[in-house]
>>> print(open('structure.txt').read())   # compact mmCIF, C-alpha atoms (C1' of nucleotides)
# COMPACT_ATOMS: atom_id res chain seq x y z
CA MET U 45 31.53 29.53 -33.78
CA ASP U 46 28.74 32.08 -34.17
CA PRO U 47 27.60 33.23 -30.70
CA ILE U 48 23.99 33.30 -31.86
CA LYS U 49 24.29 29.68 -32.92
CA TYR U 50 25.36 28.81 -29.39
CA LEU U 51 22.45 30.66 -27.81
CA SER U 52 19.91 28.99 -30.05
CA ARG U 53 21.00 25.65 -28.59
CA ILE U 54 20.03 26.64 -25.05
CA ASP U 55 16.73 24.94 -24.17
CA LEU U 56 15.59 28.00 -22.24
CA PHE U 57 15.82 30.20 -25.29
CA ARG U 58 14.04 27.89 -27.68
CA GLY U 59 11.27 29.91 -29.24
CA LEU U 60 13.17 33.18 -29.36
CA SER U 61 13.65 34.87 -32.69
CA GLY U 62 17.01 35.53 -34.25
CA GLU U 63 16.72 39.19 -33.38
CA GLU U 64 15.92 38.40 -29.76
CA LEU U 65 18.88 36.08 -29.56
CA ARG U 66 21.07 38.84 -30.93
CA GLN U 67 19.89 41.21 -28.20
CA LEU U 68 20.41 38.53 -25.59
CA ASN U 69 23.94 37.95 -26.79
CA ALA U 70 25.03 41.26 -25.27
CA PHE U 71 24.25 39.85 -21.79
CA THR U 72 25.90 36.50 -22.29
CA PRO U 73 29.57 36.78 -23.15
CA MET U 74 31.14 33.51 -24.16
CA HIS U 75 33.63 31.96 -21.85
CA THR U 76 35.56 28.90 -22.83
CA CYS U 77 36.98 26.71 -20.09
CA LYS U 78 39.11 23.65 -20.17
CA LYS U 79 38.17 20.26 -18.86
CA GLY U 80 38.19 20.16 -15.08
CA THR U 81 37.50 23.84 -14.52
CA VAL U 82 35.33 24.62 -11.50
CA VAL U 83 32.97 27.20 -12.97
CA ALA U 84 30.74 27.59 -9.93
CA SER U 85 31.35 26.93 -6.26
CA PRO U 86 30.25 28.26 -2.86
CA HIS U 87 33.53 30.19 -2.71
CA LEU U 88 32.84 32.14 -5.85
CA GLU U 89 30.37 34.64 -4.48
CA ARG U 90 28.71 35.60 -7.74
CA LYS U 91 25.30 34.06 -7.99
CA ALA U 92 24.16 33.60 -11.49
CA LEU U 93 22.35 31.51 -14.00
CA TYR U 94 24.79 29.55 -16.13
CA LEU U 95 24.24 28.48 -19.70
CA ILE U 96 26.11 25.58 -21.25
CA LYS U 97 26.68 26.71 -24.82
CA ALA U 98 28.85 23.69 -25.53
CA GLY U 99 30.32 20.87 -23.49
CA LYS U 100 29.43 18.86 -20.40
CA VAL U 101 29.22 19.86 -16.75
CA ARG U 102 28.98 17.88 -13.54
CA LEU U 103 27.17 19.31 -10.51
CA TYR U 104 28.17 18.01 -7.11
CA LYS U 105 28.18 18.71 -3.41
CA LEU U 106 30.79 17.95 -0.79
CA THR U 107 29.60 15.90 2.13
CA GLU U 108 30.73 16.49 5.72
CA ASP U 109 33.57 14.01 5.40
CA GLY U 110 34.77 15.49 2.15
CA LYS U 111 33.26 13.00 -0.26
CA GLU U 112 31.73 14.19 -3.51
CA LEU U 113 28.07 13.59 -4.18
CA THR U 114 27.29 14.09 -7.84
CA LEU U 115 23.86 15.63 -8.26
CA ASP U 116 23.51 15.88 -11.99
CA LEU U 117 25.28 15.77 -15.32
CA LEU U 118 24.48 18.42 -17.89
CA ARG U 119 25.28 18.91 -21.55
CA THR U 120 25.01 21.50 -24.30
CA GLY U 121 21.75 23.40 -24.05
CA HIS U 122 21.25 22.90 -20.33
CA ILE U 123 21.28 25.57 -17.65
CA PHE U 124 22.24 25.40 -13.98
CA GLY U 125 22.50 27.57 -10.89
CA ASP U 126 18.77 28.09 -10.64
CA MET U 127 16.86 30.89 -8.97
CA THR U 128 16.80 29.23 -5.59
CA SER U 129 20.53 29.61 -5.39
CA PHE U 130 20.15 33.33 -5.86
CA ARG U 131 18.68 33.70 -2.41
CA THR U 132 19.52 30.68 -0.32
CA GLU U 133 22.87 29.25 0.56
CA THR U 134 24.07 26.51 -1.73
CA ARG U 135 26.98 24.15 -1.40
CA MET U 136 26.98 23.18 -5.01
CA PHE U 137 30.01 22.92 -7.25
CA ALA U 138 30.05 22.79 -11.02
CA VAL U 139 32.97 21.37 -12.92
CA THR U 140 33.44 20.95 -16.66
CA MET U 141 33.86 17.35 -17.81
CA GLU U 142 35.42 18.43 -21.10
CA ASP U 143 36.46 21.67 -22.77
CA SER U 144 33.28 23.72 -22.68
CA VAL U 145 31.75 27.06 -23.50
CA ILE U 146 29.88 28.44 -20.52
CA CYS U 147 28.35 31.83 -19.94
CA SER U 148 26.51 33.33 -17.02
CA ILE U 149 23.82 35.87 -16.38
CA ASP U 150 23.54 37.35 -12.92
CA ARG U 151 20.23 37.83 -11.18
CA GLU U 152 19.66 41.46 -12.06
CA GLN U 153 20.33 40.89 -15.71
CA PHE U 154 18.11 37.84 -15.83
CA GLN U 155 15.27 39.68 -14.12
CA THR U 156 15.58 42.53 -16.57
CA ILE U 157 15.45 40.15 -19.50
CA ILE U 158 12.42 38.36 -18.05
CA GLY U 159 10.68 41.71 -17.64
CA GLU U 160 11.05 42.30 -21.33
CA LYS U 161 10.26 38.78 -22.36
CA PRO U 162 7.76 37.12 -19.97
CA GLY U 163 7.71 33.96 -22.07
CA LEU U 164 11.17 33.28 -20.73
CA ALA U 165 9.79 33.06 -17.20
CA LEU U 166 7.37 30.37 -18.30
CA ALA U 167 10.08 28.47 -20.14
CA TYR U 168 12.22 28.73 -17.04
CA ILE U 169 9.42 27.40 -14.83
CA ASP U 170 9.03 24.46 -17.21
CA ILE U 171 12.69 23.60 -16.83
CA VAL U 172 12.66 23.94 -13.05
CA THR U 173 9.50 21.88 -12.57
CA ALA U 174 10.84 19.16 -14.83
CA ARG U 175 13.97 19.16 -12.72
CA LEU U 176 11.93 18.96 -9.53
CA LYS U 177 9.99 16.02 -10.86
CA GLU U 178 13.24 14.29 -11.71
CA VAL U 179 14.62 14.87 -8.23
CA GLU U 180 11.45 13.49 -6.63
CA GLU U 181 11.71 10.38 -8.74
CA TRP U 182 15.36 10.02 -7.71
CA LEU U 183 14.41 10.39 -4.07
CA GLU U 184 11.98 7.51 -4.34
CA TYR U 185 14.62 5.24 -5.82
CA MET U 186 17.23 6.30 -3.31
CA ALA U 187 14.88 5.64 -0.42
CA TYR U 188 13.40 2.30 -1.45
CA GLY U 189 15.56 0.88 -4.20
CA SER U 190 18.54 -1.44 -4.04
CA VAL U 191 21.88 -0.26 -5.41
CA ARG U 192 21.24 -2.38 -8.49
CA LYS U 193 17.95 -0.63 -9.09
CA ARG U 194 19.45 2.79 -8.45
CA LEU U 195 22.23 2.05 -10.93
CA LEU U 196 19.73 0.85 -13.53
CA PHE U 197 17.67 3.96 -13.02
CA LEU U 198 20.74 6.13 -13.41
CA LEU U 199 21.82 4.34 -16.57
CA ASN U 200 18.32 4.78 -17.95
CA LYS U 201 18.46 8.51 -17.28
CA LEU U 202 21.93 8.77 -18.77
CA SER U 203 20.97 6.93 -21.93
CA ALA U 204 18.05 9.33 -22.39
CA LYS U 205 20.29 12.31 -21.81
CA PHE U 206 23.62 11.28 -23.27
CA GLY U 207 22.77 8.22 -25.34
CA ALA U 208 23.32 8.39 -29.06
CA GLY U 209 21.42 5.81 -31.05
CA GLY U 210 23.40 3.23 -32.96
CA GLU U 211 22.90 3.67 -36.70
CA ASP U 212 22.89 -0.03 -37.53
CA GLU U 213 21.33 -1.26 -34.29
CA PRO U 214 18.71 1.18 -33.01
CA GLU U 215 18.07 -0.82 -29.85
CA TRP U 216 21.58 -0.08 -28.62
CA GLY U 217 22.63 3.40 -27.53
CA ARG U 218 26.13 4.60 -26.87
CA LEU U 219 26.75 6.53 -23.67
CA GLN U 220 28.34 9.85 -24.55
CA VAL U 221 29.79 10.39 -21.09
CA GLU U 222 32.93 8.99 -19.62
CA LEU U 223 32.15 8.03 -16.07
CA THR U 224 34.43 6.20 -13.68
CA HIS U 225 33.02 3.57 -11.34
CA GLN U 226 33.80 6.07 -8.62
CA GLU U 227 31.48 8.64 -10.19
CA LEU U 228 28.70 6.11 -10.76
CA ALA U 229 29.02 5.18 -7.11
CA SER U 230 28.94 8.82 -6.11
CA MET U 231 25.71 9.31 -8.02
CA THR U 232 23.97 6.26 -6.61
CA GLY U 233 25.11 6.78 -3.03
CA SER U 234 27.16 3.63 -3.28
CA MET U 235 30.72 2.31 -3.38
CA ARG U 236 32.91 1.72 -6.38
CA GLU U 237 33.58 -1.85 -5.16
CA THR U 238 29.83 -2.42 -5.36
CA ILE U 239 29.45 -0.83 -8.78
CA THR U 240 32.12 -2.95 -10.47
CA PRO U 241 30.43 -6.36 -10.04
CA LEU U 242 27.02 -4.85 -10.77
CA LEU U 243 28.24 -3.49 -14.10
CA ASN U 244 29.91 -6.78 -14.98
CA ARG U 245 26.69 -8.56 -14.15
CA LEU U 246 24.71 -6.23 -16.43
CA VAL U 247 27.17 -6.99 -19.22
CA SER U 248 26.66 -10.72 -18.74
CA GLU U 249 22.89 -10.15 -18.75
CA GLY U 250 23.17 -8.41 -22.11
CA VAL U 251 21.93 -5.08 -20.80
CA LEU U 252 25.29 -3.40 -21.29
CA ARG U 253 28.04 -3.92 -23.85
CA LYS U 254 31.59 -2.67 -24.32
CA GLU U 255 33.36 -2.45 -27.65
CA ALA U 256 36.78 -2.01 -26.11
CA ALA U 257 38.02 -2.32 -22.55
CA ARG U 258 38.52 1.44 -22.36
CA GLY U 259 35.68 2.31 -24.66
CA PRO U 260 32.23 3.68 -23.82
CA TYR U 261 29.32 1.58 -22.63
CA TRP U 262 26.54 0.61 -24.98
CA ILE U 263 23.09 0.26 -23.50
CA HIS U 264 20.30 -1.99 -24.68
CA ARG U 265 17.39 0.30 -23.87
CA GLU U 266 14.64 -2.29 -23.84
CA ARG U 267 16.55 -4.78 -21.71
CA LEU U 268 17.47 -1.96 -19.37
CA ARG U 269 13.82 -1.04 -18.92
CA ALA U 270 12.94 -4.67 -18.34
CA ALA U 271 15.73 -5.10 -15.80
CA LEU U 272 14.63 -1.94 -14.03
CA ALA U 273 11.05 -3.17 -13.77
CA ALA U 274 12.13 -6.62 -12.65
CA SER U 275 14.64 -5.79 -9.95
CA LYS U 276 13.76 -4.81 -6.44
C1' DC W 107 22.06 -7.24 -0.16
C1' DC W 108 25.59 -4.18 0.53
C1' DA W 109 29.31 -1.23 3.22
C1' DT W 110 33.84 -1.44 4.76
C1' DT W 111 38.50 -2.48 4.55
C1' DA W 112 42.41 -4.18 2.40
C1' DA W 113 45.22 -5.23 -1.29
C1' DC W 114 47.10 -5.70 -6.10
C1' DG W 115 48.26 -4.73 -11.02
C1' DA W 116 47.77 -1.31 -14.53
C1' DC W 117 47.66 2.97 -15.94
C1' DT W 118 48.61 8.24 -15.65
C1' DA W 119 50.26 12.92 -14.12
C1' DT B 188 56.89 8.36 -7.96
C1' DA B 189 52.47 9.26 -6.18
C1' DG B 190 47.89 8.99 -7.19
C1' DT B 191 43.88 7.05 -9.59
C1' DC B 192 41.19 3.23 -11.46
C1' DG B 193 39.15 -1.44 -11.88
C1' DT B 194 38.98 -5.56 -9.58
C1' DT B 195 38.75 -9.37 -6.08
C1' DA B 196 38.25 -11.01 -1.47
C1' DA B 197 37.29 -11.18 3.53
C1' DT B 198 34.23 -9.69 7.01
C1' DG B 199 30.34 -8.04 9.16
C1' DG B 200 25.74 -5.58 9.64
>>> encode(input="structure.txt", output="structure tokens")
Amino acid sequence: MDPIKYLSRIDLFRGLSGEELRQLNAFTPMHTCKKGTVVASPHLERKALYLIKAGKVRLYKLTEDGKELTLDLLRTGHIFGDMTSFRTETRMFAVTMEDSVICSIDREQFQTIIGEKPGLALAYIDIVTARLKEVEEWLEYMAYGSVRKRLLFLLNKLSAKFGAGGEDEPEWGRLQVELTHQELASMTGSMRETITPLLNRLVSEGVLRKEAARGPYWIHRERLRAALAASK
DNA sequence: CCATTAACGACTA
DNA sequence: TAGTCGTTAATGG
């Protein structure tokens, strides 16, 4: 696909002209990686800003006892490896959840680009502050919410981020991410044995639906919101 | 309410 | 065959 087309899909670069995107392209070589590739980790020294030109990426940390804590899921257009990781130590890993096109800009390059195009700095701040707000909201749920509420909150976030609206039934959205119970547990600070009955319960409540046993989840957005507001 | 541990069948590399 | 996944159950905080 046209490299410029890819760049225009990055949220950070929304608002840049075609000519500006063309200039930027010189700094952002395309790199395709297969599903399951670790594109960023504490071991890879290079500190950079990564752009997801196509695909999905999971960010996670390893806890002391070797368990994975998933921090965020990202899709086409998102960026990760923010400025804070340029200076401070980070223990974050990034792994592709499907075949993806990722490129990276290291600090010096990014600073040069920002110098020439200050609007990018503002766009970047917007993205980072939105992210911070999201993390603060998460923190509140993690601290005071039950696992059920944390799962509902997560599903709500996922449907906003990865949910495609059903053509015939607009109130139902299909989750465009394949997540195991293990991963849902990892993201809610829970156990997969806890997640299983909770999901089954949500299906019986009509909040979730499955077409096939192995198929993706469908989410009833309004019922999800209601369940989120109702549960402790 | 939920973590922990154990265990089992099914599926997958 | 070994490892992963979804699931149920017992137990205990």
>>> interface_residues(input="structure.txt", of="chain B", to="chain U", cutoff="12 Å", atoms="all atoms listed in the file", output="ChimeraX atom specification")
/B:191-196
>>> interface_residues(input="structure.txt", of="chain W", to="chain U", cutoff="8 Å", atoms="all atoms listed in the file", output="ChimeraX atom specification")
/W:107-109
>>> write_last_selection(input="structure.txt", atoms="C-alpha atoms (C1' of nucleotides)", output="JSON list (two decimals), in the coordinates of the input")
[["chain", "number", "residue", "atom", "x", "y", "z"],
["W", 107, "DC", "C1'", 22.06, -7.24, -0.16],
["W", 108, "DC", "C1'", 25.59, -4.18, 0.53],
["W", 109, "DA", "C1'", 29.31, -1.23, 3.22]]
>>> residues_near_point(input="structure.txt", point="(38.7, -0.5, 6.8)", cutoff="12 Å", atoms="only C-alpha atoms (C1' of nucleotides)", output="MDAnalysis selection string")
(chainID W and resid 109:113) or (chainID B and resid 197:199)
>>> atom_distance(input="structure.txt", atom1="atom CA of Leu268 of chain U", atom2="atom CA of Arg102 of chain U")
23.7 Å
>>> atom_distance(input="structure.txt", atom1="atom CA of Phe137 of chain U", atom2="atom CA of Ala208 of chain U")
27.0 Å
>>> atom_distance(input="structure.txt", atom1="atom CA of Leu164 of chain U", atom2="atom CA of Met74 of chain U")
20.3 Å
>>> residues_around(input="structure.txt", residues="segment 196-205 of chain U", least_positions_apart="5", cutoff="9 Å", atoms="all atoms listed in the file", output="mmCIF file with C-alpha atoms, keeping the file's coordinate frame")
data_model
loop_
_atom_site.group_PDB
_atom_site.id
_atom_site.type_symbol
_atom_site.label_atom_id
_atom_site.label_comp_id
_atom_site.auth_asym_id
_atom_site.auth_seq_id
_atom_site.Cartn_x
_atom_site.Cartn_y
_atom_site.Cartn_z
ATOM 1 C CA LEU U 117 25.280 15.770 -15.320
ATOM 2 C CA LEU U 118 24.480 18.420 -17.890
ATOM 3 C CA ARG U 119 25.280 18.910 -21.550
ATOM 4 C CA TRP U 182 15.360 10.020 -7.710
ATOM 5 C CA TYR U 185 14.620 5.240 -5.820
ATOM 6 C CA VAL U 191 21.880 -0.260 -5.410
ATOM 7 C CA GLY U 217 22.630 3.400 -27.530
ATOM 8 C CA ARG U 218 26.130 4.600 -26.870
ATOM 9 C CA LEU U 219 26.750 6.530 -23.670
ATOM 10 C CA GLN U 220 28.340 9.850 -24.550
ATOM 11 C CA VAL U 221 29.790 10.390 -21.090
ATOM 12 C CA LEU U 228 28.700 6.110 -10.760
ATOM 13 C CA MET U 231 25.710 9.310 -8.020
ATOM 14 C CA THR U 232 23.970 6.260 -6.610
ATOM 15 C CA TRP U 262 26.540 0.610 -24.980
ATOM 16 C CA ILE U 263 23.090 0.260 -23.500
ATOM 17 C CA ARG U 265 17.390 0.300 -23.870
ATOM 18 C CA LEU U 268 17.470 -1.960 -19.370
ATOM 19 C CA ARG U 269 13.820 -1.040 -18.920
ATOM 20 C CA ALA U 271 15.730 -5.100 -15.800
ATOM 21 C CA LEU U 272 14.630 -1.940 -14.030
#
>>> residues_around(input="structure.txt", residues="DA119 of chain W", least_positions_apart="2", cutoff="12 Å", atoms="only C-alpha atoms (C1' of nucleotides)", output="VMD selection string")
(chain W and resid 117) or (chain B and resid 188 to 191)
